[in-house]
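What follows is the content of coords.pdb (PDB, C-alpha atoms and all ligand atoms).
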```pdb
ATOM      1  CA  MET Z1410      89.829  95.633  85.515
ATOM      2  CA  ARG Z1411      90.547  93.397  88.505
ATOM      3  CA  ILE Z1412      92.894  94.759  91.178
ATOM      4  CA  THR Z1413      94.485  92.475  93.749
ATOM      5  CA  VAL Z1414      96.998  93.521  96.395
ATOM      6  CA  LEU Z1415      99.778  91.131  97.397
ATOM      7  CA  ARG Z1416     101.069  91.903 100.898
ATOM      8  CA  LEU Z1417     104.466  90.241 101.487
ATOM      9  CA  SER Z1418     105.841  88.708 104.712
ATOM     10  CA  HIS Z1419     103.106  89.399 107.272
ATOM     11  CA  ARG Z1420     104.232  88.875 110.883
ATOM     12  CA  PRO Z1421     101.223  88.878 113.267
ATOM     13  CA  GLU Z1422     103.192  90.301 116.198
ATOM     14  CA  ARG Z1423     104.737  93.225 114.362
ATOM     15  CA  ASP Z1424     102.453  93.872 111.406
ATOM     16  CA  LYS Z1425      98.939  93.281 112.748
ATOM     17  CA  ARG Z1426      97.799  96.875 112.426
ATOM     18  CA  ILE Z1427      99.718  97.670 109.272
ATOM     19  CA  THR Z1428      98.434  94.629 107.362
ATOM     20  CA  THR Z1429      94.908  95.403 108.604
ATOM     21  CA  HIS Z1430      95.326  98.923 107.277
ATOM     22  CA  VAL Z1431      96.661  97.623 103.948
ATOM     23  CA  CYS Z1432      93.443  95.571 103.655
ATOM     24  CA  LEU Z1433      91.150  98.428 104.718
ATOM     25  CA  VAL Z1434      92.751 100.820 102.253
ATOM     26  CA  ALA Z1435      92.689  98.213  99.480
ATOM     27  CA  ARG Z1436      88.953  97.649 100.017
ATOM     28  CA  ALA Z1437      87.965 101.290 100.532
ATOM     29  CA  PHE Z1438      89.972 102.540  97.555
ATOM     30  CA  GLY Z1439      88.746 100.081  94.953
ATOM     31  CA  ALA Z1440      90.808  96.862  95.035
ATOM     32  CA  ASP Z1441      88.964  93.527  94.959
ATOM     33  CA  LYS Z1442      91.162  91.313  97.060
ATOM     34  CA  VAL Z1443      94.247  91.047  99.280
ATOM     35  CA  ILE Z1444      96.504  88.027  99.203
ATOM     36  CA  TYR Z1445      99.075  87.916 101.986
ATOM     37  CA  THR Z1446     102.158  85.793 102.617
ATOM     38  CA  GLY Z1447     104.354  85.263 105.689
ATOM     39  CA  ILE Z1448     102.657  83.886 108.800
ATOM     40  CA  ARG Z1449      98.985  82.976 108.554
ATOM     41  CA  ASP Z1450      96.838  85.168 110.801
ATOM     42  CA  ARG Z1451      93.247  83.998 111.195
ATOM     43  CA  LYS Z1452      92.384  86.960 113.456
ATOM     44  CA  LEU Z1453      93.340  89.316 110.638
ATOM     45  CA  GLU Z1454      91.204  87.325 108.177
ATOM     46  CA  GLU Z1455      88.217  87.327 110.557
ATOM     47  CA  SER Z1456      88.443  91.052 111.212
ATOM     48  CA  ILE Z1457      88.499  91.851 107.480
ATOM     49  CA  LYS Z1458      85.572  89.490 106.823
ATOM     50  CA  LYS Z1459      83.594  91.267 109.583
ATOM     51  CA  ILE Z1460      84.302  94.639 107.988
ATOM     52  CA  VAL Z1461      83.039  93.361 104.629
ATOM     53  CA  LYS Z1462      79.851  91.954 106.205
ATOM     54  CA  ARG Z1463      79.129  95.255 107.922
ATOM     55  CA  TRP Z1464      80.192  97.739 105.320
ATOM     56  CA  GLY Z1465      79.479  95.770 102.131
ATOM     57  CA  GLY Z1466      81.211  95.048  98.857
ATOM     58  CA  LYS Z1467      82.790  91.909  97.495
ATOM     59  CA  PHE Z1468      86.281  92.289  98.927
ATOM     60  CA  SER Z1469      88.107  89.132  99.996
ATOM     61  CA  ILE Z1470      91.300  88.147 101.811
ATOM     62  CA  LYS Z1471      93.371  85.046 101.183
ATOM     63  CA  TYR Z1472      96.550  83.591 102.657
ATOM     64  CA  THR Z1473      99.125  81.851 100.516
ATOM     65  CA  ARG Z1474     102.607  80.512 101.249
ATOM     66  CA  SER Z1475     104.412  81.348  98.058
ATOM     67  CA  TRP Z1476     104.467  84.879  96.674
ATOM     68  CA  ARG Z1477     106.364  83.575  93.614
ATOM     69  CA  GLU Z1478     103.443  81.314  92.722
ATOM     70  CA  VAL Z1479     100.968  84.203  93.026
ATOM     71  CA  ILE Z1480     103.086  86.304  90.690
ATOM     72  CA  GLN Z1481     103.602  83.469  88.220
ATOM     73  CA  ARG Z1482      99.880  82.724  88.085
ATOM     74  CA  TRP Z1483      99.103  86.414  87.616
ATOM     75  CA  LYS Z1484     101.566  86.693  84.751
ATOM     76  CA  ASN Z1485     100.245  83.499  83.151
ATOM     77  CA  SER Z1486      96.780  85.031  83.138
ATOM     78  CA  GLU Z1487      98.098  88.119  81.305
ATOM     79  CA  GLY Z1488      97.845  90.496  84.265
ATOM     80  CA  VAL Z1489     100.507  93.081  85.090
ATOM     81  CA  VAL Z1490     102.529  93.150  88.296
ATOM     82  CA  VAL Z1491     103.150  96.541  89.906
ATOM     83  CA  HIS Z1492     105.641  96.518  92.775
ATOM     84  CA  LEU Z1493     105.459  99.593  95.015
ATOM     85  CA  THR Z1494     108.956 100.573  96.095
ATOM     86  CA  MET Z1495     110.683 103.865  96.823
ATOM     87  CA  TYR Z1496     113.433 102.791  94.380
ATOM     88  CA  GLY Z1497     111.090 102.558  91.383
ATOM     89  CA  ILE Z1498     109.992 104.964  88.657
ATOM     90  CA  ASN Z1499     108.093 107.829  90.201
ATOM     91  CA  LEU Z1500     104.305 107.412  89.922
ATOM     92  CA  PRO Z1501     103.553 110.529  87.812
ATOM     93  CA  ASP Z1502     106.052 109.309  85.191
ATOM     94  CA  ILE Z1503     104.580 105.812  84.792
ATOM     95  CA  MET Z1504     100.862 105.855  85.637
ATOM     96  CA  ASP Z1505      99.699 106.437  82.037
ATOM     97  CA  ARG Z1506     101.566 103.328  80.858
ATOM     98  CA  ILE Z1507     100.049 101.218  83.642
ATOM     99  CA  ARG Z1508      96.536 102.496  82.949
ATOM    100  CA  ASN Z1509      96.900 102.147  79.184
ATOM    101  CA  ALA Z1510      97.923  98.503  79.551
ATOM    102  CA  LYS Z1511      94.210  97.912  80.380
ATOM    103  CA  LYS Z1512      95.063  94.731  82.242
ATOM    104  CA  ASP Z1513      94.282  93.278  85.643
ATOM    105  CA  ILE Z1514      96.807  94.555  88.171
ATOM    106  CA  LEU Z1515      98.571  92.801  91.011
ATOM    107  CA  ILE Z1516      99.944  95.489  93.348
ATOM    108  CA  VAL Z1517     102.772  94.179  95.526
ATOM    109  CA  VAL Z1518     103.636  95.869  98.845
ATOM    110  CA  GLY Z1519     106.442  94.785 101.178
ATOM    111  CA  SER Z1520     106.954  94.850 104.916
ATOM    112  CA  GLU Z1521     110.476  93.773 105.868
ATOM    113  CA  LYS Z1522     113.258  93.648 103.281
ATOM    114  CA  VAL Z1523     111.818  92.766  99.892
ATOM    115  CA  PRO Z1524     113.729  90.003  98.003
ATOM    116  CA  SER Z1525     115.749  91.399  95.084
ATOM    117  CA  GLU Z1526     114.020  88.893  92.763
ATOM    118  CA  MET Z1527     110.803  90.900  93.231
ATOM    119  CA  TYR Z1528     112.337  93.848  91.399
ATOM    120  CA  GLN Z1529     113.072  91.591  88.402
ATOM    121  CA  LEU Z1530     109.672  89.866  88.346
ATOM    122  CA  ALA Z1531     107.650  93.095  88.466
ATOM    123  CA  ASP Z1532     106.450  94.594  85.184
ATOM    124  CA  PHE Z1533     106.578  97.997  86.859
ATOM    125  CA  ASN Z1534     108.577  99.041  89.930
ATOM    126  CA  VAL Z1535     106.719 102.162  91.011
ATOM    127  CA  ALA Z1536     107.677 104.765  93.594
ATOM    128  CA  VAL Z1537     105.081 106.959  95.224
ATOM    129  CA  GLY Z1538     107.714 109.653  95.482
ATOM    130  CA  ASN Z1539     111.312 108.454  95.859
ATOM    131  CA  GLN Z1540     111.375 108.796  99.649
ATOM    132  CA  PRO Z1541     110.815 106.108 102.289
ATOM    133  CA  HIS Z1542     107.341 106.073 103.872
ATOM    134  CA  SER Z1543     104.707 103.377 104.289
ATOM    135  CA  GLU Z1544     103.001 100.600 102.344
ATOM    136  CA  VAL Z1545      99.621 101.910 103.527
ATOM    137  CA  ALA Z1546     100.271 105.401 102.182
ATOM    138  CA  ALA Z1547     101.869 104.087  98.975
ATOM    139  CA  LEU Z1548      98.867 101.849  98.280
ATOM    140  CA  ALA Z1549      96.328 104.606  98.967
ATOM    141  CA  VAL Z1550      98.043 107.110  96.705
ATOM    142  CA  PHE Z1551      98.591 104.552  93.943
ATOM    143  CA  LEU Z1552      94.904 103.525  93.916
ATOM    144  CA  ASP Z1553      93.756 107.135  94.040
ATOM    145  CA  TRP Z1554      95.898 108.010  91.029
ATOM    146  CA  TYR Z1555      94.820 104.873  89.190
ATOM    147  CA  PHE Z1556      91.109 105.585  89.675
ATOM    148  CA  GLU Z1557      91.578 109.358  89.374
ATOM    149  CA  GLY Z1558      89.595 109.964  92.556
ATOM    150  CA  LYS Z1559      86.467 108.102  91.329
ATOM    151  CA  GLU Z1560      86.990 105.370  93.942
ATOM    152  CA  LEU Z1561      85.918 107.863  96.632
ATOM    153  CA  ARG Z1562      82.364 107.720  95.258
ATOM    154  CA  LYS Z1563      82.246 103.937  94.956
ATOM    155  CA  GLY Z1564      79.143 102.180  96.294
ATOM    156  CA  PHE Z1565      79.394  99.017  98.405
ATOM    157  CA  GLY Z1566      76.565  96.540  97.796
ATOM    158  CA  ASN Z1567      74.936  94.424 100.540
ATOM    159  CA  ALA Z1568      76.112  96.718 103.318
ATOM    160  CA  ARG Z1569      74.486  96.486 106.749
ATOM    161  CA  LEU Z1570      75.636  99.979 107.665
ATOM    162  CA  LYS Z1571      75.894 103.131 105.606
ATOM    163  CA  ILE Z1572      77.270 106.474 106.681
ATOM    164  CA  VAL Z1573      75.203 109.563 105.959
ATOM    165  CA  PRO Z1574      77.797 112.315 105.537
ATOM    166  CA  GLN Z1575      77.368 115.158 108.025
ATOM    167  CA  LYS Z1576      78.931 118.572 108.405
ATOM    168  CA  ARG Z1577      79.272 117.739 112.100
ATOM    169  CA  GLY Z1578      78.635 114.636 114.177
ATOM    170  CA  LYS Z1579      77.954 111.077 113.068
ATOM    171  CA  LYS Z1580      74.963 109.567 111.293
ATOM    172  CA  VAL Z1581      74.830 105.908 110.321
ATOM    173  CA  THR Z1582      71.858 104.164 108.691
ATOM    174  CA  ILE Z1583      71.292 100.537 109.664
ATOM    175  CA  LEU Z1584      70.199  98.806 106.440
ATOM    176  CA  SER Z1585      69.932  95.288 107.861
ATOM    177  CA  LYS Z1586      70.865  93.406 111.040
TER     178      LYS Z1586
HETATM  179  N1  LIG Z1601     113.220  98.276 103.766
HETATM  180  C1  LIG Z1601     112.270  97.679 102.880
HETATM  181  C2  LIG Z1601     112.896  97.354 101.546
HETATM  182  O1  LIG Z1601     114.084  97.259 101.478
HETATM  183  O2  LIG Z1601     112.186  97.179 100.584
HETATM  184  C3  LIG Z1601     111.061  98.600 102.708
HETATM  185  C4  LIG Z1601     110.263  98.784 103.979
HETATM  186  S1  LIG Z1601     108.878  99.865 103.785
HETATM  187  C5  LIG Z1601     108.437 100.338 105.388
HETATM  188  C6  LIG Z1601     107.577  98.725 103.442
HETATM  189  C7  LIG Z1601     106.939  98.898 102.094
HETATM  190  O3  LIG Z1601     106.388 100.190 101.945
HETATM  191  C8  LIG Z1601     107.831  98.735 100.888
HETATM  192  O4  LIG Z1601     108.135  97.397 100.595
HETATM  193  C9  LIG Z1601     106.983  99.394  99.800
HETATM  194  O5  LIG Z1601     106.021  98.496  99.273
HETATM  195  C10 LIG Z1601     106.282 100.513 100.563
HETATM  196  N2  LIG Z1601     106.896 101.824 100.352
HETATM  197  C11 LIG Z1601     107.567 102.578 101.245
HETATM  198  N3  LIG Z1601     107.958 103.733 100.706
HETATM  199  C12 LIG Z1601     107.503 103.729  99.423
HETATM  200  C13 LIG Z1601     107.587 104.661  98.338
HETATM  201  N4  LIG Z1601     108.198 105.829  98.449
HETATM  202  N5  LIG Z1601     107.002 104.320  97.175
HETATM  203  C14 LIG Z1601     106.357 103.142  97.026
HETATM  204  N6  LIG Z1601     106.267 102.226  98.018
HETATM  205  C15 LIG Z1601     106.831 102.523  99.200
END
```
Please express the file's structure as structure tokens.
Amino acid sequence: MRITVLRLSHRPERDKRITTHVCLVARAFGADKVIYTGIRDRKLEESIKKIVKRWGGKFSIKYTRSWREVIQRWKNSEGVVVHLTMYGINLPDIMDRIRNAKKDILIVVGSEKVPSEMYQLADFNVAVGNQPHSEVAALAVFLDWYFEGKELRKGFGNARLKIVPQKRGKKVTILSK
């Protein structure tokens, strides 16, 4: 199953760290790609590409102007659209239906106010608890529930660096330069 994250309305000044964290969480927790809209930010793209080169895997980042087009294309290719919002159906009450759909998933996360149309276009409006918090936390918890924790053991091919887990201190193996 392919998992792509759509990050809405990126603003380099305000959202630099948050969008970076959305990408890092997406990659580390099993998604294949982030598409972002708003203002194009080449520094963000470069920093994510560097992470992938160093730490491996096939994760990619792409900018696009129109979130509607991304959603339309996704729906045309039979994938499901999951919009993470505190107003949605609480995750424990909907995850089985999402998993049982056995379809590619586009996970949409907002930043500023999300257009009301998004709530209509989504196949599932999903709350990670019905309280306000963060797109980074919502994405992490959603992916962890989706993969049932297995994503934490995922391997990342072609990595230059690999961490050797330690009880204390840091150990990193350099696999290639
Ligand atoms: N005020 C914005 C709105 O009206 O949609 C939400 C801002 S919130 C800081 C940014 C994003 O975090 C949301 O668009 C949503 O994707 C995510 N988010 C925050 N709390 C959430 C929750 N409880 N469940 C799921 N997603 C959540």
Contacts with ligand LIG 1601 (chain Z) at most 7 Å, all atoms listed in the file counted, listed as a count of residues only: 22
Selection: 12 Å around Leu1548 (chain Z), only C-alpha atoms, excl. self and same-chain fewer than 2 positions, as a PyMOL selection string: chain Z and resi 1412-1416+1427-1428+1430-1440+1443+1491-1494+1500+1515-1519+1535-1537+1542-1546+1550-1555
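Between CA of Ser1585 (chain Z) and CA of Lys1571 (chain Z) the separation is 10.1 Å.
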Between CA of Lys1467 (chain Z) and CA of Ser1418 (chain Z) - distance in Å to one decimal: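 Separating CA of Ser1418 (chain Z) from CA of Lys1467 (chain Z) is a distance of 24.4 Å.
The two atoms in question, CA of Tyr1445 (chain Z) and CA of Glu1478 (chain Z), are spaced 12.2 Å apart.
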Residue nearest Arg1463 (chain Z) - candidates Z:Gly1488, Z:Gly1578, Z:Gly1447, Z:Gly1566, atoms counted: only C-alpha atoms: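 So, comparing all the options, the nearest one is Z:Gly1566.
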Distance query Glu1526 (chain Z) at most 12 Å, all atoms listed in the file, self and fewer than 6 positions along chain excluded, as a ChimeraX atom specification: /Z:1476-1477,1480,1492,1534
Who sits within 12 Å of Lys1580 (chain Z), all atoms listed in the file, same chain under 5 positions skipped, as a ChimeraX atom specification: /Z:1570-1575
Closest of Z:Leu1584, Z:Ile1444, Z:Leu1417, Z:Ala1568 to Val1461 (chain Z) - atom-to-atom distances counting all atoms listed in the file: Z:Ala1568
